[in-house]
file structure23.cif (mmCIF, C-alpha atoms)
data_coords
#
loop_
_atom_site.label_atom_id
_atom_site.label_comp_id
_atom_site.auth_asym_id
_atom_site.auth_seq_id
_atom_site.Cartn_x
_atom_site.Cartn_y
_atom_site.Cartn_z
CA MET B 9 22.95 1.04 0.06
CA ALA B 10 21.84 1.74 3.60
CA SER B 11 21.91 -1.77 4.93
CA ASN B 12 23.43 -5.12 4.11
CA ALA B 13 20.39 -7.04 5.34
CA ALA B 14 18.81 -9.72 3.17
CA VAL B 15 16.80 -8.14 0.39
CA PRO B 16 14.04 -9.51 -1.84
CA PHE B 17 15.18 -10.97 -5.17
CA TRP B 18 13.82 -8.06 -7.20
CA ARG B 19 15.76 -5.60 -5.02
CA ALA B 20 18.93 -7.60 -5.56
CA ALA B 21 18.34 -7.35 -9.33
CA GLY B 22 18.31 -3.56 -9.08
CA MET B 23 14.56 -2.92 -9.11
CA THR B 24 12.91 -0.39 -6.85
CA TYR B 25 9.74 -1.11 -4.90
CA ILE B 26 7.76 1.13 -7.27
CA THR B 27 8.97 -0.85 -10.29
CA TYR B 28 8.17 -4.12 -8.56
CA SER B 29 4.68 -3.10 -7.46
CA ASN B 30 3.85 -1.63 -10.86
CA ILE B 31 4.90 -4.86 -12.62
CA CYS B 32 2.72 -6.85 -10.19
CA ALA B 33 -0.24 -4.51 -10.76
CA ASN B 34 0.16 -4.71 -14.54
CA LEU B 35 0.22 -8.51 -14.50
CA VAL B 36 -2.95 -8.59 -12.41
CA ARG B 37 -4.67 -6.13 -14.78
CA ASN B 38 -3.78 -8.31 -17.78
CA CYS B 39 -5.50 -11.31 -16.18
CA LEU B 40 -8.92 -9.69 -15.75
CA LYS B 41 -12.11 -10.63 -17.55
CA GLU B 42 -13.06 -8.44 -20.45
CA PRO B 43 -15.06 -5.35 -19.49
CA TYR B 44 -12.86 -4.87 -16.40
CA LYS B 45 -9.59 -5.48 -18.25
CA THR B 46 -10.00 -2.63 -20.76
CA GLU B 47 -11.24 -0.37 -17.99
CA ALA B 48 -8.27 -1.13 -15.73
CA ILE B 49 -5.70 -0.78 -18.52
CA SER B 50 -7.18 2.48 -19.85
CA ARG B 51 -7.02 3.90 -16.33
CA GLU B 52 -3.24 3.61 -16.42
CA ARG B 53 -2.75 5.36 -19.76
CA VAL B 54 -0.70 8.54 -19.89
CA HIS B 55 -0.37 11.22 -22.55
CA PHE B 56 1.95 14.19 -22.36
CA ALA B 57 4.22 16.40 -24.43
CA VAL B 58 7.67 17.51 -23.30
CA SER B 59 9.66 20.30 -24.87
CA LYS B 60 13.02 21.72 -23.81
CA TRP B 61 13.46 25.48 -23.71
CA THR B 62 16.58 26.92 -25.33
CA ASP B 63 17.24 30.69 -25.63
CA GLY B 64 13.79 31.46 -24.32
CA LYS B 65 12.04 29.42 -26.99
CA PRO B 66 10.56 25.92 -26.77
CA GLU B 67 11.96 23.24 -29.05
CA THR B 68 9.61 20.90 -30.90
CA PRO B 69 7.82 18.85 -28.28
CA THR B 70 8.25 15.11 -27.96
CA ILE B 71 5.01 13.33 -27.24
CA ARG B 72 4.83 10.39 -24.87
CA THR B 73 1.55 8.55 -25.22
CA ASP B 74 0.00 5.14 -24.66
CA THR B 75 -2.80 5.87 -27.12
CA PRO B 76 -0.97 6.62 -30.40
CA ASN B 77 -4.05 6.95 -32.63
CA VAL B 78 -5.82 9.65 -30.59
CA MET Y 18 31.17 -3.90 37.96
CA LEU Y 19 27.99 -2.81 39.66
CA ARG Y 20 29.30 0.59 40.64
CA ARG Y 21 27.10 2.25 38.03
CA ALA Y 22 24.05 0.18 38.84
CA THR Y 23 22.34 2.91 40.88
CA ALA Y 24 22.94 5.41 38.13
CA LEU Y 25 21.35 3.01 35.64
CA LEU Y 26 18.38 2.42 37.89
CA THR Y 27 17.72 6.10 38.58
CA ARG Y 28 18.09 7.00 34.91
CA PRO Y 29 14.81 8.43 33.65
CA VAL Y 30 12.69 5.85 31.91
CA ILE Y 31 11.23 8.47 29.57
CA SER Y 32 14.00 7.92 27.02
CA LEU Y 33 12.57 4.46 26.37
CA ARG Y 34 9.18 5.85 25.50
CA ALA Y 35 10.37 8.99 23.71
CA ARG Y 36 10.05 7.53 20.21
CA PRO Y 37 6.51 6.32 19.52
CA PHE Y 38 5.84 3.72 16.86
CA SER Y 39 4.42 5.09 13.64
CA THR Y 40 1.42 2.80 14.08
CA ASP Y 41 0.64 4.33 17.46
CA VAL Y 42 -2.38 6.58 17.49
CA SER Y 43 -1.23 10.08 18.24
CA GLU Y 44 -3.49 12.68 19.77
CA THR Y 45 -4.29 14.59 16.61
CA PRO Y 46 -4.62 18.29 17.40
CA VAL Y 47 -7.85 19.74 16.04
CA ALA Y 48 -6.03 22.73 14.57
CA ASP Y 49 -2.55 24.15 14.18
CA THR Y 50 -2.58 26.60 17.11
CA SER Y 51 0.80 28.19 16.35
CA PHE Y 52 -0.44 29.06 12.85
CA TYR Y 53 -3.64 30.59 14.22
CA ASP Y 54 -1.70 32.64 16.78
CA ALA Y 55 0.61 33.97 14.09
CA TRP Y 56 -2.39 34.74 11.85
CA LYS Y 57 -4.15 36.70 14.59
CA LYS Y 58 -1.01 38.77 15.19
CA VAL Y 59 -0.81 39.79 11.52
CA ILE Y 60 -4.50 40.02 10.51
CA PRO Y 61 -6.64 40.20 13.65
CA THR Y 62 -9.74 41.26 11.70
CA LEU Y 63 -9.90 38.28 9.34
CA GLU Y 64 -10.89 34.73 10.25
CA PRO Y 65 -8.00 32.29 9.72
CA PRO Y 66 -8.47 29.89 6.78
CA HIS Y 67 -9.02 26.18 7.13
CA THR Y 68 -5.86 24.09 7.09
CA PRO Y 69 -5.68 20.38 6.16
CA LEU Y 70 -5.67 19.56 9.88
CA THR Y 71 -9.13 21.04 10.38
CA PHE Y 72 -10.51 18.74 7.68
CA MET Y 73 -8.98 15.62 9.22
CA LYS Y 74 -11.16 13.61 11.51
CA PRO Y 75 -9.15 12.72 14.62
CA ARG Y 76 -8.70 9.00 15.15
CA PRO Y 77 -10.45 7.67 18.27
CA PRO Y 78 -8.10 6.84 21.14
CA THR Y 79 -7.25 3.24 21.96
CA PRO Y 80 -10.17 1.92 24.03
CA SER Y 81 -9.40 0.15 27.30
CA SER Y 82 -11.48 -2.90 26.36
CA ILE Y 83 -11.18 -4.60 22.98
CA PRO Y 84 -13.98 -3.52 20.61
CA THR Y 85 -16.09 -6.21 18.91
CA LYS Y 86 -15.46 -4.93 15.38
CA LEU Y 87 -12.41 -4.06 13.32
CA THR Y 88 -12.65 -0.82 11.32
CA VAL Y 89 -11.10 -1.23 7.88
CA ASN Y 90 -10.06 1.36 5.31
CA PHE Y 91 -9.10 -0.30 2.04
CA VAL Y 92 -7.91 2.14 -0.62
CA LEU Y 93 -6.58 1.97 -4.16
CA PRO Y 94 -5.01 4.83 -6.14
CA TYR Y 95 -8.27 5.34 -8.06
CA ASN Y 96 -10.93 4.14 -5.65
CA SER Y 97 -11.84 3.66 -2.03
CA GLU Y 98 -13.02 0.07 -1.75
CA LEU Y 99 -13.90 0.09 1.95
CA ALA Y 100 -14.16 3.29 3.95
CA ALA Y 101 -14.28 2.90 7.75
CA LYS Y 102 -16.20 -0.35 7.37
CA GLU Y 103 -16.76 -2.36 10.54
CA VAL Y 104 -15.96 -6.02 9.98
CA ASP Y 105 -15.17 -9.06 12.12
CA MET Y 106 -11.85 -10.06 10.60
CA VAL Y 107 -9.58 -9.50 7.62
CA ILE Y 108 -6.97 -11.94 6.33
CA ILE Y 109 -4.03 -10.09 4.82
CA PRO Y 110 -1.52 -11.65 2.38
CA ALA Y 111 1.59 -10.29 4.14
CA SER Y 112 5.00 -11.00 2.63
CA THR Y 113 5.80 -13.05 5.74
CA GLY Y 114 2.66 -15.18 5.34
CA HIS Y 115 -1.07 -14.80 5.64
CA MET Y 116 -2.12 -12.81 8.66
CA GLY Y 117 -5.54 -12.82 10.27
CA VAL Y 118 -6.40 -9.51 11.87
CA LEU Y 119 -9.07 -9.40 14.59
CA PRO Y 120 -10.12 -6.44 16.74
CA GLY Y 121 -7.44 -5.64 19.32
CA HIS Y 122 -4.57 -6.81 17.09
CA VAL Y 123 -1.16 -5.51 18.09
CA ALA Y 124 0.01 -2.49 16.08
CA THR Y 125 1.86 -3.69 12.98
CA ILE Y 126 3.00 -2.60 9.54
CA ALA Y 127 3.00 -5.40 6.96
CA GLU Y 128 4.17 -5.45 3.36
CA LEU Y 129 1.69 -7.26 1.12
CA LYS Y 130 2.55 -9.81 -1.51
CA PRO Y 131 0.30 -10.76 -4.44
CA GLY Y 132 -2.50 -12.76 -2.85
CA VAL Y 133 -6.04 -12.90 -1.55
CA LEU Y 134 -7.33 -10.37 0.93
CA SER Y 135 -10.50 -11.70 2.55
CA VAL Y 136 -12.88 -9.57 4.53
CA HIS Y 137 -15.07 -11.51 7.00
CA GLU Y 138 -18.33 -9.99 8.06
CA GLY Y 139 -20.44 -12.42 10.04
CA THR Y 140 -20.94 -15.27 7.55
CA ASP Y 141 -20.18 -13.07 4.53
CA VAL Y 142 -16.68 -13.34 3.09
CA THR Y 143 -15.56 -10.88 0.42
CA LYS Y 144 -12.39 -11.84 -1.41
CA TYR Y 145 -10.13 -9.45 -3.30
CA PHE Y 146 -6.91 -10.18 -5.14
CA VAL Y 147 -4.31 -7.54 -4.29
CA SER Y 148 -1.17 -7.08 -6.39
CA SER Y 149 1.05 -5.51 -3.71
CA GLY Y 150 0.88 -2.81 -1.11
CA PHE Y 151 1.01 -2.21 2.61
CA ALA Y 152 -1.23 -2.74 5.61
CA PHE Y 153 -1.09 -0.56 8.70
CA ILE Y 154 -2.77 -1.97 11.77
CA HIS Y 155 -3.30 0.55 14.53
CA ALA Y 156 -3.64 -0.13 18.23
CA ASN Y 157 -7.24 1.21 18.28
CA SER Y 158 -8.53 -1.66 16.07
CA TYR Y 159 -8.26 0.36 12.86
CA ALA Y 160 -6.63 -1.22 9.84
CA ASP Y 161 -5.53 0.77 6.78
CA ILE Y 162 -4.88 -1.39 3.73
CA ILE Y 163 -3.29 0.21 0.69
CA ALA Y 164 -2.87 -1.64 -2.60
CA VAL Y 165 -1.72 -0.68 -6.10
CA GLU Y 166 -4.30 -2.87 -7.83
CA ALA Y 167 -7.04 -4.95 -6.24
CA VAL Y 168 -10.00 -6.69 -7.83
CA PRO Y 169 -12.78 -8.93 -6.57
CA LEU Y 170 -11.72 -12.50 -7.23
CA ASP Y 171 -14.58 -13.29 -9.66
CA ARG Y 172 -13.23 -10.73 -12.16
CA VAL Y 173 -10.08 -12.78 -12.80
CA ASP Y 174 -9.98 -14.85 -15.98
CA ALA Y 175 -8.64 -18.35 -15.23
CA SER Y 176 -7.55 -19.07 -18.82
CA LEU Y 177 -5.45 -15.89 -18.97
CA VAL Y 178 -3.83 -16.87 -15.66
CA GLN Y 179 -2.84 -20.28 -17.06
CA LYS Y 180 -1.49 -18.65 -20.22
CA GLY Y 181 0.52 -16.10 -18.23
CA LEU Y 182 1.90 -18.75 -15.89
CA ALA Y 183 3.13 -20.87 -18.81
CA GLU Y 184 4.60 -17.81 -20.55
CA PHE Y 185 6.54 -16.60 -17.52
CA THR Y 186 7.77 -20.09 -16.55
CA GLN Y 187 9.22 -20.32 -20.05
CA LYS Y 188 10.70 -16.78 -19.75
CA LEU Y 189 12.30 -17.69 -16.41
CA SER Y 190 14.18 -20.61 -17.94
CA SER Y 191 15.39 -18.55 -20.91
CA ALA Y 192 16.26 -15.35 -18.99
CA SER Y 193 19.93 -14.36 -19.14
CA THR Y 194 20.39 -11.17 -17.08
CA ASP Y 195 19.55 -10.68 -13.40
CA LEU Y 196 16.86 -8.13 -14.26
CA GLU Y 197 15.16 -10.41 -16.79
CA LYS Y 198 15.28 -13.24 -14.30
CA ALA Y 199 13.71 -11.08 -11.59
CA GLU Y 200 10.97 -9.89 -13.97
CA ALA Y 201 10.17 -13.47 -14.97
CA GLN Y 202 10.22 -14.53 -11.31
CA ILE Y 203 7.72 -11.78 -10.45
CA GLY Y 204 5.55 -13.00 -13.33
CA VAL Y 205 5.66 -16.57 -12.05
CA ASP Y 206 4.93 -15.43 -8.47
CA VAL Y 207 1.95 -13.27 -9.44
CA HIS Y 208 0.42 -15.89 -11.74
CA SER Y 209 0.91 -18.72 -9.26
CA ALA Y 210 -0.73 -16.57 -6.58
CA LEU Y 211 -3.64 -15.88 -8.95
CA ASN Y 212 -3.86 -19.57 -9.80
CA ALA Y 213 -3.81 -20.57 -6.13
CA ALA Y 214 -6.47 -17.96 -5.39
CA LEU Y 215 -8.78 -19.30 -8.11
CA THR Y 216 -8.33 -23.00 -7.37
CA GLY Y 217 -7.91 -22.90 -3.58
#
call {"tool": "encode", "arguments": {"input": "structure23.cif", "output": "structure tokens"}}
result
Amino acid sequence: MASNAAVPFWRAAGMTYITYSNICANLVRNCLKEPYKTEAISRERVHFAVSKWTDGKPETPTIRTDTPNV
Amino acid sequence: MLRRATALLTRPVISLRARPFSTDVSETPVADTSFYDAWKKVIPTLEPPHTPLTFMKPRPPTPSSIPTKLTVNFVLPYNSELAAKEVDMVIIPASTGHMGVLPGHVATIAELKPGVLSVHEGTDVTKYFVSSGFAFIHANSYADIIAVEAVPLDRVDASLVQKGLAEFTQKLSSASTDLEKAEAQIGVDVHSALNAALTG
């Protein structure tokens, strides 16, 4: 740690600023009125596939998605 | 003791001013001249391409008299809420307390906490709820406000806020680890800020 200065409580608990601000943003999104809430939450969705390459060939990809039924 | 006093006095003062603040407005060069010179040496027949610098509008220098309006840029990751809008005042929910910013404000960087950002334009007041972010106030009466999530206050559902506040207050009392406690504390903070914004 670079400095021993007083830190916010979330920093002391081991969170980074990105984690903290994303939690805050998520909580705000969950408190919106209906048309805006779905819109804001769907904006944050991610969908990707990751596969490791061994011996020049990709292994079966693992899919990380927030929309499982698509 | 004062033997070195003359040396101290004659020491160049430049060292004090050598490191500008990041909120200071630097003289943005219109183009990267060293790149263009190198380009002309290699390919003198072809026009050099545009670089990001040529697309950037240089910021106006700090005027000698205080302007009447504050120019605000308010941006979110997915949207630009206010782009170079001239307003009278903004009130920023800084982590050190609410901060009113008028034209001619001293250059500052402020971390934002969950709270209400109000934009005053004559008699019109627009209120946004920002989750967290940063505000950069430049010496030339420009303010850049950056937030992760921000919504106009009338889009917040009061019943969901009450529900969330009760849920996280309960979570805070039952949390065992430091991380759980911090997460619950963030929940309580955000929902109390939302509640205060709606009622106050």
call {"tool": "resolve_selection", "arguments": {"input": "structure23.cif", "expression": "the PyMOL selection byres ((chain B and resi 36-44) around 7)", "output": "number ranges by chain"}}
result
B: 32-35, 45-49; Y: 148, 172-174, 177-178
call {"tool": "residues_around", "arguments": {"input": "structure23.cif", "residues": "stretch 85-89 of chain Y", "least_positions_apart": "5", "cutoff": "12 Å", "atoms": "only C-alpha atoms", "output": "PyMOL selection string"}}
result
chain Y and resi 76-77+80+97-109+117-122+135-139+152-163
call {"tool": "closest_atom_pairs", "arguments": {"input": "structure23.cif", "of": "chain Y", "to": "chain B", "cutoff": "9 Å", "atoms": "only C-alpha atoms", "output": "Markdown table"}}
result
| residue | atom | partner | partner_atom | distance |
| --- | --- | --- | --- | --- |
| Y:Tyr95 | CA | B:Arg51 | CA | 8.5 |
| Y:Pro131 | CA | B:Cys32 | CA | 7.4 |
| Y:Phe146 | CA | B:Val36 | CA | 8.4 |
| Y:Val147 | CA | B:Ala33 | CA | 8.2 |
| Y:Ser148 | CA | B:Ala33 | CA | 5.2 |
| Y:Ser149 | CA | B:Ser29 | CA | 5.7 |
| Y:Gly150 | CA | B:Ser29 | CA | 7.4 |
| Y:Val165 | CA | B:Ala33 | CA | 6.2 |
| Y:Glu166 | CA | B:Ala33 | CA | 5.3 |
| Y:Ala167 | CA | B:Ala33 | CA | 8.2 |
| Y:Val168 | CA | B:Leu40 | CA | 8.5 |
| Y:Asp171 | CA | B:Lys41 | CA | 8.7 |
| Y:Arg172 | CA | B:Lys41 | CA | 5.5 |
| Y:Val173 | CA | B:Leu40 | CA | 4.4 |
| Y:Asp174 | CA | B:Lys41 | CA | 5.0 |
| Y:Ala175 | CA | B:Cys39 | CA | 7.8 |
| Y:Ser176 | CA | B:Cys39 | CA | 8.4 |
| Y:Leu177 | CA | B:Cys39 | CA | 5.4 |
| Y:Val178 | CA | B:Cys39 | CA | 5.8 |
| Y:Gly181 | CA | B:Cys39 | CA | 8.0 |
| Y:Thr194 | CA | B:Ala21 | CA | 8.9 |
| Y:Asp195 | CA | B:Ala21 | CA | 5.4 |
| Y:Leu196 | CA | B:Ala21 | CA | 5.2 |
| Y:Glu197 | CA | B:Ala21 | CA | 8.7 |
| Y:Lys198 | CA | B:Ala21 | CA | 8.3 |
| Y:Ala199 | CA | B:Trp18 | CA | 5.3 |
| Y:Glu200 | CA | B:Trp18 | CA | 7.6 |
| Y:Gln202 | CA | B:Trp18 | CA | 8.5 |
| Y:Ile203 | CA | B:Cys32 | CA | 7.0 |
| Y:Gly204 | CA | B:Leu35 | CA | 7.1 |
| Y:Val207 | CA | B:Cys32 | CA | 6.5 |
| Y:His208 | CA | B:Leu35 | CA | 7.9 |
| Y:Leu211 | CA | B:Val36 | CA | 8.1 |
call {"tool": "resolve_selection", "arguments": {"input": "structure23.cif", "expression": "the PyMOL selection byres ((chain B and resi 73) around 7)", "output": "JSON, numbers by chain"}}
result
{"B": [54, 55, 56, 71, 72, 74, 75, 76]}
call {"tool": "atom_distance", "arguments": {"input": "structure23.cif", "atom1": "atom CA of Y:His115", "atom2": "atom CA of Y:Ala183"}}
result
25.5 Å
call {"tool": "residues_around", "arguments": {"input": "structure23.cif", "residues": "B:Pro69", "least_positions_apart": "4", "cutoff": "10 Å", "atoms": "all atoms listed in the file", "output": "list in words"}}
result
Phe56, Ala57, Val58, Ser59, Lys60 and Trp61 of chain B
call {"tool": "decode", "arguments": {"input": "structure23.cif", "residues": "stretch 35-59 of chain B", "atoms": "N, CA and C atoms", "output": "short mmCIF file (atom, residue, chain, number, x, y, z; two decimals), in the first residue's frame"}}
result
data_model
loop_
_atom_site.label_atom_id
_atom_site.label_comp_id
_atom_site.auth_asym_id
_atom_site.auth_seq_id
_atom_site.Cartn_x
_atom_site.Cartn_y
_atom_site.Cartn_z
N LEU B 35 -26.86 -0.34 -7.35
CA LEU B 35 -27.92 -0.07 -6.39
C LEU B 35 -28.84 1.02 -6.91
N VAL B 36 -28.25 2.04 -7.53
CA VAL B 36 -29.06 3.13 -8.08
C VAL B 36 -29.95 2.60 -9.21
N ARG B 37 -29.36 1.77 -10.08
CA ARG B 37 -30.14 1.20 -11.19
C ARG B 37 -31.32 0.40 -10.69
N ASN B 38 -31.12 -0.35 -9.59
CA ASN B 38 -32.20 -1.20 -9.06
C ASN B 38 -33.32 -0.39 -8.43
N CYS B 39 -33.11 0.90 -8.20
CA CYS B 39 -34.14 1.72 -7.56
C CYS B 39 -34.91 2.57 -8.56
N LEU B 40 -34.74 2.30 -9.87
CA LEU B 40 -35.40 3.16 -10.86
C LEU B 40 -36.83 2.70 -11.11
N LYS B 41 -37.62 3.61 -11.66
CA LYS B 41 -38.98 3.25 -12.07
C LYS B 41 -38.91 2.40 -13.33
N GLU B 42 -40.04 1.74 -13.65
CA GLU B 42 -39.95 0.60 -14.54
C GLU B 42 -39.34 0.78 -15.93
N PRO B 43 -39.82 1.60 -16.83
CA PRO B 43 -39.19 1.49 -18.16
C PRO B 43 -37.69 1.76 -18.11
N TYR B 44 -37.27 2.67 -17.19
CA TYR B 44 -35.87 3.06 -17.11
C TYR B 44 -35.02 1.97 -16.47
N LYS B 45 -35.65 1.22 -15.52
CA LYS B 45 -34.90 0.20 -14.79
C LYS B 45 -34.43 -0.91 -15.73
N THR B 46 -35.34 -1.46 -16.53
CA THR B 46 -34.96 -2.53 -17.46
C THR B 46 -33.92 -2.02 -18.45
N GLU B 47 -34.13 -0.80 -18.90
CA GLU B 47 -33.20 -0.20 -19.87
C GLU B 47 -31.79 -0.09 -19.28
N ALA B 48 -31.73 0.43 -18.03
CA ALA B 48 -30.43 0.64 -17.39
C ALA B 48 -29.75 -0.68 -17.09
N ILE B 49 -30.52 -1.69 -16.67
CA ILE B 49 -29.92 -2.97 -16.31
C ILE B 49 -29.46 -3.70 -17.57
N SER B 50 -30.27 -3.62 -18.65
CA SER B 50 -29.88 -4.32 -19.88
C SER B 50 -28.64 -3.70 -20.51
N ARG B 51 -28.41 -2.43 -20.22
CA ARG B 51 -27.23 -1.74 -20.75
C ARG B 51 -25.94 -2.34 -20.19
N GLU B 52 -26.04 -2.88 -18.98
CA GLU B 52 -24.86 -3.39 -18.31
C GLU B 52 -24.59 -4.86 -18.59
N ARG B 53 -25.45 -5.51 -19.38
CA ARG B 53 -25.29 -6.94 -19.60
C ARG B 53 -24.07 -7.23 -20.46
N VAL B 54 -23.42 -8.36 -20.17
CA VAL B 54 -22.28 -8.78 -20.98
C VAL B 54 -22.52 -10.21 -21.45
N HIS B 55 -21.90 -10.55 -22.56
CA HIS B 55 -22.00 -11.91 -23.09
C HIS B 55 -20.72 -12.20 -23.84
N PHE B 56 -19.96 -13.18 -23.37
CA PHE B 56 -18.76 -13.55 -24.12
C PHE B 56 -18.38 -15.00 -23.87
N ALA B 57 -17.58 -15.53 -24.78
CA ALA B 57 -17.09 -16.91 -24.67
C ALA B 57 -15.58 -16.87 -24.57
N VAL B 58 -15.03 -17.67 -23.66
CA VAL B 58 -13.59 -17.74 -23.49
C VAL B 58 -13.15 -19.17 -23.73
N SER B 59 -12.11 -19.34 -24.53
CA SER B 59 -11.55 -20.69 -24.66
C SER B 59 -10.03 -20.61 -24.62
#
